[in-house]
4 protein chains.
Amino acid sequence: MKIKVGIVGVTGYVGQELLRILLRHPAVSVEYLGSRQLKKPAPAGELLPSFRGTNDLKVHPFRITSALDACELLFLALPHGIAMELAPQILRKRTARIVDLSADFRLRSAGQYQQTYRLKHKASPLLREAVYGLPEWNRDKISRSRLVANPGCYPTAVLLGLAPLAKERLLKREGLTVDAKSGATGAGRSLKEDLLFCEVNENLRAYRVNAHQHIPEMEQQMKELSGAPIRMSFVPHFVPINRGLYATIYAPLSRPLTERQLRSIYRKWYSKEPFVRLLPERVWPQVKSVAGSNRCEIGLQRDRQEQRALIITAIDNLGKGAAGQAVQNMNLLCGLEETEGLLG
Amino acid sequence: MKIKVGIVGVTGYVGQELLRILLRHPAVSVEYLGSRQLKKPAPAGELLPSFRGTNDLKVHPFRITSALDACELLFLALPHGIAMELAPQILRKRTARIVDLSADFRLRSAGQYQQTYRLKHKASPLLREAVYGLPEWNRDKISRSRLVANPGCYPTAVLLGLAPLAKERLLKREGLTVDAKSGATGAGRSLKEDLLFCEVNENLRAYRVNAHQHIPEMEQQMKELSGAPIRMSFVPHFVPINRGLYATIYAPLSRPLTERQLRSIYRKWYSKEPFVRLLPERVWPQVKSVAGSNRCEIGLQRDRQEQRALIITAIDNLGKGAAGQAVQNMNLLCGLEETEGLLG
Amino acid sequence: MKIKVGIVGVTGYVGQELLRILLRHPAVSVEYLGSRQLKKPAPAGELLPSFRGTNDLKVHPFRITSALDACELLFLALPHGIAMELAPQILRKRTARIVDLSADFRLRSAGQYQQTYRLKHKASPLLREAVYGLPEWNRDKISRSRLVANPGCYPTAVLLGLAPLAKERLLKREGLTVDAKSGATGAGRSLKEDLLFCEVNENLRAYRVNAHQHIPEMEQQMKELSGAPIRMSFVPHFVPINRGLYATIYAPLSRPLTERQLRSIYRKWYSKEPFVRLLPERVWPQVKSVAGSNRCEIGLQRDRQEQRALIITAIDNLGKGAAGQAVQNMNLLCGLEETEGLLG
Amino acid sequence: MKIKVGIVGVTGYVGQELLRILLRHPAVSVEYLGSRQLKKPAPAGELLPSFRGTNDLKVHPFRITSALDACELLFLALPHGIAMELAPQILRKRTARIVDLSADFRLRSAGQYQQTYRLKHKASPLLREAVYGLPEWNRDKISRSRLVANPGCYPTAVLLGLAPLAKERLLKREGLTVDAKSGATGAGRSLKEDLLFCEVNENLRAYRVNAHQHIPEMEQQMKELSGAPIRMSFVPHFVPINRGLYATIYAPLSRPLTERQLRSIYRKWYSKEPFVRLLPERVWPQVKSVAGSNRCEIGLQRDRQEQRALIITAIDNLGKGAAGQAVQNMNLLCGLEETEGLLG
């Protein structure tokens, strides 16, 4: 018996990628597609040209009851601020499960949420129940939960890169520097002048310098992993590619490590992970290698100076950074093989 | 009377950009175009489609005597290792002037050159005479010299970003981090698989991590500016755009500065500079703004943590990062207005 | 004494390119920049990052009297439907001149305009006075006029390609096929989902197939040139580049021509033209060669079959296809050298 | 029992795409990867970064015996001129099957081959045995054959677009015009200056105008389909995208058809085809919709003039234009479901 799932917000880039993955997933049946903007039902292939003629699905103007009637598990691929309204209603149905791809359940504290997203949190009791969906570090909790907060794209790349050092209490509390680069799907399918082809193409720019909304999420998780507050500088850049996210991480260490020690720590944590690839010495990640997959590549070296590690990670922002990871979380939630339907 | 100039190595991307600028320069006459690969003379417009029908110039198989007969000043736009063979011969002619766009005369020490470029330096006596052609910091020396070593593209962006702090002795010796991003013309017009369209497009990757040949050049100049050795981490990235270079610089300070103090230092040094633009608070450079120009944009802010400045600079790697700056140097060498023929 | 000019609609891609060209034009002084969307004056460099720090100009909320007080000639770079409201008011000032870059004065017939643009024409008396600004074929009329209708980008590329055959009465009335390809600036700087980076990048699509608004403009001009109605198929395509327009033209001939005859016809008409380049046999235009210039490249050959010529033209849609040609028209209107300030 | 297959020439773009598809194919086991350039065996993930960590396969210096020992079916993804040397040796093994992705077995006549590819054909007896692998029109023959000549990318897009008219004897013999556009993977992974990122990006150009090597292949097949020689003009263009092929076809008809008749012909032939999608009226194909799939989209309309049909087709040049179609052919050759392992 296939698991019945639905996608709310299927017309965005993340929603489309979810659909693409789920249609090939052998243990899943897509039973519901919803969109809040839609006025009346329309064939998926008409709204989303990549799906022209590949299926008979319809997208419906989103109604929570229809979604719940059709599905056991809902993916919420919506802008922040919506999922916190929907989740309490959805979870009234006992058997329902949610993978929320927005920011609404990623932060533990309603105050922090309000400060970051300039919105009062409307479902703060659920903040405690929600599990942060980074399977490599939270596998068990995820499989026992009802509401998974799928991590942000930047946090996924950065936390996968830093978690081994954080867990081993090897990170200094100060000086951590993350220089990140993202493709344009990361900004979503919204009508902003900055996102027009002619503005993005042949351009390169930093944005939300040290002010990106993912910083509190990353610092919260770093603290959970390491047991101590760790402060980071974070400068994201906008790059003219469709898909891909690249994080170059300069991490001051609390004690000196040889090249070998550094590498063996990462090997220890990641050698069995199906979606994390520690690259050989002097080989560095590239976006091309992970595009379309649920993989995270990690390159590693002692830095040229100080007592620092240089860690570079690459993911597909729509894959491991969003839809791929959401399906990985669904697999865990539903007791399936964790890798099922995903490209490792 | 116009100044007679020539370009050796006109078929590369830097050579072509030089030609483009010089053809519009009101005080200059392009009298010689040479290429080492060429077997027999050919019209420039035939070899370089962007110049089809724009001029009657011919490109000649390079011969030093022809070049010297025709010109007072030669631009050498060649791979490293060639200019050091040509310069001594060229400078035998008393009135000759050279702007060398390769790395051959940028390093003060022949030993350092050999270590960096794996070649024995063949004109080490000229290393002392050569002037490092960063006009904003070396204007007077350049105008009195015969041989200008045009800075590398990364060093230009990084040194313009760091020089005010270096000059004011405000940089810590350790911890300096430069995360740089370059367009594909920076790699030159060479037949390497990595440079094929399908390999670069929709990709993003770090390369020569902490091992780029521009590191010794930058550290040498940082020491000259600051009077003390300053060590940097340097991770360059390859980005799918034709032109543009972006440097995100995380600079630990030797003493705390307010936002205001930081900004006033940069204003002091750069407010009169025709080609350096200090952007307003919270405005950050973008490649689009400097493409095709000789401008360097600088964005500035205290970093989110530690005692650090965050400096971001953008240049056109072919403009201020190569051909534009070479023409700026020519203007100084020849006693012209420094900005003549250049887009400010 | 410099000619005082102004640009209305400077924030669009065409307006910006006009500004870029005019700022370098030796005989012109830019005295007015206006925008209809603006609420209050703002520095040009703030609205248009490419002009950061390059000038002290302000953009003003457009008011016709301020524009007329400051300028002798106005460039109208506005969506269709506006210029026809402004032109009558502007031309009340005797000495005023207009180069209109919209479609408002390109069609001779108010009825045809209404049918094409779904708007009633509001200045139909001016339709007779307006001169179609294709200098290569209309030079004298332009120089004597007050109101120049700058041709559309597609019509410029197609008419330059076909005019010699049309003038020589060598075109068949049926069967003419134009397959055109345009970069994204051709669609303007408007907030449409189709124009988002992720929709354009790595994509390719035909649009307004046989229904593009430039068809009546082209057929009208073809008739004027050839004295007889000529019907064309016209399929424009959208290509992921910023600038550039490419027209591949399959032209049935009314009588057989040898390769030599065909070529000599084009040579006869174009050998003296400063902005039209007839390429040698078996050499074909490319967008890269004309980007940033006011040039049109033409490649030519007898077609593989029937009695047809194959003509390929390339222009920069913002250059010869809009702003460059507008400046060429201004030069004619103002009695300047036709090529002044333009890259040939 | 899975079918054992091998790829010879796995490092090219077509070879990699084959590997990508075959690794997910449920009925196939990849038993051999060969490369002629390789000196010694190397892990696939090392040579091809997209496969880093996804499998344990090795690429071997190609030796025919090793390949034959390991596999029942070989994909030959090699430049033209090689397969004709290998095929006779391979087919000495009775049970062996070949899908050849080069041009070597596409043309019926050794003379035509020699004229087109400037090479004497070395296996002309096999030309009669080889089946042209366009499954939509040759399904039965393919399933009974041992040697399938996988069609070229342009021929696939053009023949799928024209075959219904050809079969119905509705095409005129003269005047057929195909204006085609291809992404850069179509040119292969070869070190040519024209294929460098900076030469392709922001550029657009026609190439091999009316002289492309796929013309004889298309005309041969058109004749087979229609029973009469049909001559075409064919102008391919090079477009800055990685994947995708777009054919705009202007097809003169031998007798007038209404819009409805035209459409019903295509519906008749294609409504059951799993990989061909006839789009609704006024909807046109786009490359984005077919990228990564084995689909061909067809848009259709009566042309604006004459008695012509306008047909537009889009495929992924690496999918339906090469590797996808090769797997479709393999499915037929091996008695599998035709759509197995492919995205429809």
# chains A, B, ... in the order shown; residues from 1 in each chain; ligands from 1
$ select_by_dssp --residues "region 75-320 of chain A" --states "strand (DSSP E or B)" --output "MDAnalysis selection string"
chainID A and resid 75:76 97:100 131:132 147:149 171 176:182 196 205:206 232:238 245:253 276:278 286 296:302 308:315
$ closest_atom_pairs --of "chain C" --to "chain A" --cutoff "9 Å" --atoms "only C-alpha atoms" --output "JSON lines"
{"residue": "C:Ala184", "atom": "CA", "partner": "A:Cys198", "partner_atom": "CA", "distance": 6.5}
{"residue": "C:Thr185", "atom": "CA", "partner": "A:Cys198", "partner_atom": "CA", "distance": 6.4}
{"residue": "C:Arg189", "atom": "CA", "partner": "A:Glu193", "partner_atom": "CA", "distance": 7.7}
{"residue": "C:Ser190", "atom": "CA", "partner": "A:Glu193", "partner_atom": "CA", "distance": 7.7}
{"residue": "C:Leu191", "atom": "CA", "partner": "A:Leu191", "partner_atom": "CA", "distance": 5.8}
{"residue": "C:Lys192", "atom": "CA", "partner": "A:Leu191", "partner_atom": "CA", "distance": 6.7}
{"residue": "C:Glu193", "atom": "CA", "partner": "A:Leu191", "partner_atom": "CA", "distance": 6.4}
{"residue": "C:Asp194", "atom": "CA", "partner": "A:Leu196", "partner_atom": "CA", "distance": 9.0}
{"residue": "C:Leu195", "atom": "CA", "partner": "A:Leu196", "partner_atom": "CA", "distance": 5.6}
{"residue": "C:Leu196", "atom": "CA", "partner": "A:Leu196", "partner_atom": "CA", "distance": 4.2}
{"residue": "C:Phe197", "atom": "CA", "partner": "A:Phe197", "partner_atom": "CA", "distance": 3.6}
{"residue": "C:Cys198", "atom": "CA", "partner": "A:Asn242", "partner_atom": "CA", "distance": 5.6}
{"residue": "C:Glu199", "atom": "CA", "partner": "A:Phe197", "partner_atom": "CA", "distance": 8.1}
{"residue": "C:Val200", "atom": "CA", "partner": "A:Phe197", "partner_atom": "CA", "distance": 6.5}
{"residue": "C:Asn201", "atom": "CA", "partner": "A:Asn242", "partner_atom": "CA", "distance": 7.3}
{"residue": "C:Glu202", "atom": "CA", "partner": "A:Asn242", "partner_atom": "CA", "distance": 8.3}
{"residue": "C:Pro240", "atom": "CA", "partner": "A:Phe197", "partner_atom": "CA", "distance": 8.0}
{"residue": "C:Ile241", "atom": "CA", "partner": "A:Asn201", "partner_atom": "CA", "distance": 7.9}
{"residue": "C:Asn242", "atom": "CA", "partner": "A:Cys198", "partner_atom": "CA", "distance": 5.6}
{"residue": "C:Arg243", "atom": "CA", "partner": "A:Cys198", "partner_atom": "CA", "distance": 8.8}
$ write_last_selection --atoms "N, CA and C atoms" --output "CSV table (one decimal), in the first residue's frame"
chain,number,residue,atom,x,y,z
C,184,ALA,N,17.1,39.0,-23.6
C,184,ALA,CA,16.0,39.3,-22.7
C,184,ALA,C,15.8,40.8,-22.5
C,185,THR,N,16.8,41.6,-22.7
C,185,THR,CA,16.5,43.0,-22.6
C,185,THR,C,15.4,43.5,-23.5
C,189,ARG,N,12.1,45.8,-18.8
C,189,ARG,CA,12.4,45.6,-17.4
C,189,ARG,C,11.1,45.5,-16.7
C,190,SER,N,10.2,44.6,-17.1
C,190,SER,CA,8.9,44.5,-16.5
C,190,SER,C,8.7,43.2,-15.6
C,191,LEU,N,7.9,43.4,-14.6
C,191,LEU,CA,7.8,42.3,-13.6
C,191,LEU,C,6.8,41.2,-14.1
C,192,LYS,N,7.3,40.3,-15.0
C,192,LYS,CA,6.5,39.2,-15.5
C,192,LYS,C,7.2,37.9,-15.1
C,193,GLU,N,6.4,36.9,-14.8
C,193,GLU,CA,7.0,35.7,-14.3
C,193,GLU,C,7.9,35.1,-15.4
C,194,ASP,N,7.5,35.2,-16.7
C,194,ASP,CA,8.3,34.7,-17.8
C,194,ASP,C,9.7,35.3,-17.9
C,195,LEU,N,9.9,36.4,-17.2
C,195,LEU,CA,11.2,37.1,-17.3
C,195,LEU,C,12.1,36.9,-16.1
C,196,LEU,N,11.6,36.1,-15.2
C,196,LEU,CA,12.5,35.7,-14.0
C,196,LEU,C,13.7,34.9,-14.5
C,197,PHE,N,14.8,35.1,-13.8
C,197,PHE,CA,16.0,34.4,-14.2
C,197,PHE,C,15.8,32.9,-14.4
C,198,CYS,N,15.1,32.3,-13.4
C,198,CYS,CA,15.0,30.8,-13.5
C,198,CYS,C,14.1,30.4,-14.6
C,199,GLU,N,13.3,31.2,-15.1
C,199,GLU,CA,12.4,30.9,-16.2
C,199,GLU,C,13.1,31.0,-17.6
C,200,VAL,N,14.0,32.0,-17.6
C,200,VAL,CA,14.7,32.3,-18.9
C,200,VAL,C,16.0,31.5,-19.1
C,201,ASN,N,16.7,31.4,-18.0
C,201,ASN,CA,18.0,30.7,-18.0
C,201,ASN,C,17.8,29.2,-18.4
C,202,GLU,N,18.7,28.6,-19.2
C,202,GLU,CA,18.6,27.2,-19.6
C,202,GLU,C,17.2,26.9,-20.3
C,240,PRO,N,18.4,33.0,-23.8
C,240,PRO,CA,18.9,33.4,-22.5
C,240,PRO,C,20.2,34.2,-22.6
C,241,ILE,N,20.2,35.4,-23.2
C,241,ILE,CA,21.3,36.3,-23.2
C,241,ILE,C,20.7,37.7,-22.8
C,242,ASN,N,21.6,38.6,-22.3
C,242,ASN,CA,21.0,39.9,-22.0
C,242,ASN,C,20.8,40.7,-23.3
C,243,ARG,N,21.8,40.8,-24.1
C,243,ARG,CA,21.7,41.7,-25.3
C,243,ARG,C,21.9,40.9,-26.6
$ residues_around --residues "region 253-267 of chain D" --least-positions-apart "6" --cutoff "7 Å" --atoms "only C-alpha atoms" --output "VMD selection string"
chain D and resid 164 170 to 172 301 to 302 307 to 309
$ select_by_dssp --residues "region 18-52 of chain A" --states "alpha helix (DSSP H)" --output "PDB file with N, CA and C atoms, in the first residue's frame"
ATOM      1  N   LEU A  18       9.553  18.914  -5.370  1.00  0.00           N
ATOM      2  CA  LEU A  18       8.901  17.864  -4.586  1.00  0.00           C
ATOM      3  C   LEU A  18       8.085  16.948  -5.489  1.00  0.00           C
ATOM      4  N   LEU A  19       7.284  17.569  -6.327  1.00  0.00           N
ATOM      5  CA  LEU A  19       6.442  16.780  -7.222  1.00  0.00           C
ATOM      6  C   LEU A  19       7.287  15.874  -8.117  1.00  0.00           C
ATOM      7  N   ARG A  20       8.366  16.456  -8.678  1.00  0.00           N
ATOM      8  CA  ARG A  20       9.252  15.691  -9.545  1.00  0.00           C
ATOM      9  C   ARG A  20       9.790  14.451  -8.823  1.00  0.00           C
ATOM     10  N   ILE A  21      10.232  14.634  -7.587  1.00  0.00           N
ATOM     11  CA  ILE A  21      10.796  13.501  -6.833  1.00  0.00           C
ATOM     12  C   ILE A  21       9.696  12.500  -6.462  1.00  0.00           C
ATOM     13  N   LEU A  22       8.578  13.027  -5.997  1.00  0.00           N
ATOM     14  CA  LEU A  22       7.537  12.123  -5.492  1.00  0.00           C
ATOM     15  C   LEU A  22       6.912  11.288  -6.603  1.00  0.00           C
ATOM     16  N   LEU A  23       6.834  11.847  -7.794  1.00  0.00           N
ATOM     17  CA  LEU A  23       6.252  11.075  -8.903  1.00  0.00           C
ATOM     18  C   LEU A  23       7.081   9.838  -9.241  1.00  0.00           C
ATOM     19  N   ARG A  24       8.370   9.878  -8.917  1.00  0.00           N
ATOM     20  CA  ARG A  24       9.218   8.706  -9.176  1.00  0.00           C
ATOM     21  C   ARG A  24       9.383   7.838  -7.940  1.00  0.00           C
ATOM     22  N   ALA A  44      -2.035  19.964 -13.631  1.00  0.00           N
ATOM     23  CA  ALA A  44      -0.670  20.308 -13.239  1.00  0.00           C
ATOM     24  C   ALA A  44       0.175  20.664 -14.464  1.00  0.00           C
ATOM     25  N   GLY A  45       0.008  19.924 -15.545  1.00  0.00           N
ATOM     26  CA  GLY A  45       0.812  20.147 -16.736  1.00  0.00           C
ATOM     27  C   GLY A  45       0.540  21.479 -17.407  1.00  0.00           C
ATOM     28  N   GLU A  46      -0.584  22.082 -17.064  1.00  0.00           N
ATOM     29  CA  GLU A  46      -0.892  23.374 -17.652  1.00  0.00           C
ATOM     30  C   GLU A  46      -0.229  24.491 -16.852  1.00  0.00           C
ATOM     31  N   LEU A  47      -0.262  24.348 -15.547  1.00  0.00           N
ATOM     32  CA  LEU A  47       0.365  25.357 -14.689  1.00  0.00           C
ATOM     33  C   LEU A  47       1.883  25.237 -14.700  1.00  0.00           C
TER      34      LEU A  47
END
$ closest_residue --among "A:Ala247, A:Ala163, A:Leu48, A:Leu38" --to "Asp179 (chain B)" --atoms "only C-alpha atoms"
A:Ala247
$ residues_around --residues "region 78-84 of chain D" --least-positions-apart "3" --cutoff "7 Å" --atoms "only C-alpha atoms" --output "PDB file with N, CA and C atoms, in the first residue's frame"
ATOM      1  N   GLY D   9      32.787   4.824 -24.404  1.00  0.00           N
ATOM      2  CA  GLY D   9      32.808   6.276 -24.602  1.00  0.00           C
ATOM      3  C   GLY D   9      31.992   6.965 -23.530  1.00  0.00           C
ATOM      4  N   ALA D  87      31.855  -2.518 -34.837  1.00  0.00           N
ATOM      5  CA  ALA D  87      30.612  -3.273 -34.965  1.00  0.00           C
ATOM      6  C   ALA D  87      30.810  -4.675 -35.549  1.00  0.00           C
ATOM      7  N   ASP D 100      24.271   2.067 -31.544  1.00  0.00           N
ATOM      8  CA  ASP D 100      25.365   2.951 -31.930  1.00  0.00           C
ATOM      9  C   ASP D 100      24.856   4.388 -31.958  1.00  0.00           C
ATOM     10  N   SER D 102      26.705   6.993 -32.812  1.00  0.00           N
ATOM     11  CA  SER D 102      27.414   7.820 -33.788  1.00  0.00           C
ATOM     12  C   SER D 102      26.661   7.820 -35.112  1.00  0.00           C
ATOM     13  N   ALA D 103      27.254   8.450 -36.101  1.00  0.00           N
ATOM     14  CA  ALA D 103      26.618   8.544 -37.415  1.00  0.00           C
ATOM     15  C   ALA D 103      26.911   7.347 -38.304  1.00  0.00           C
ATOM     16  N   ASP D 104      27.714   6.391 -37.817  1.00  0.00           N
ATOM     17  CA  ASP D 104      28.282   5.401 -38.729  1.00  0.00           C
ATOM     18  C   ASP D 104      27.281   4.495 -39.436  1.00  0.00           C
ATOM     19  N   LYS D 122      33.900   1.469 -43.575  1.00  0.00           N
ATOM     20  CA  LYS D 122      34.642   0.219 -43.445  1.00  0.00           C
ATOM     21  C   LYS D 122      33.750  -0.980 -43.142  1.00  0.00           C
ATOM     22  N   ALA D 123      32.461  -0.753 -43.026  1.00  0.00           N
ATOM     23  CA  ALA D 123      31.584  -1.891 -42.715  1.00  0.00           C
ATOM     24  C   ALA D 123      30.303  -1.763 -43.530  1.00  0.00           C
TER      25      ALA D 123
END
$ residues_around --residues "Leu332 (chain B)" --least-positions-apart "6" --cutoff "9 Å" --atoms "only C-alpha atoms" --output "VMD selection string"
chain B and resid 135 139 to 140 142 to 144 338
$ residues_around --residues "Arg97 (chain D)" --least-positions-apart "4" --cutoff "7 Å" --atoms "only C-alpha atoms" --output "list in words"
Glu72, Leu73, Leu74, Arg146 and Leu147 of chain D
$ residues_around --residues "Val99 (chain C)" --least-positions-apart "6" --cutoff "9 Å" --atoms "only C-alpha atoms" --output "JSON, numbers by chain"
{"C": [73, 74, 75, 76, 77, 133, 146, 147, 148, 149, 150, 326, 327, 329, 330]}
$ closest_residue --among "B:Leu107, B:Ala96, B:Ala42, B:Leu68" --to "Val8 (chain B)" --atoms "only C-alpha atoms"
B:Leu68
$ atom_distance --atom1 "CA of Gly341 (chain D)" --atom2 "CA of Lys320 (chain D)"
13.1 Å
$ atom_distance --atom1 "CA of Glu219 (chain A)" --atom2 "CA of Leu165 (chain A)"
14.1 Å
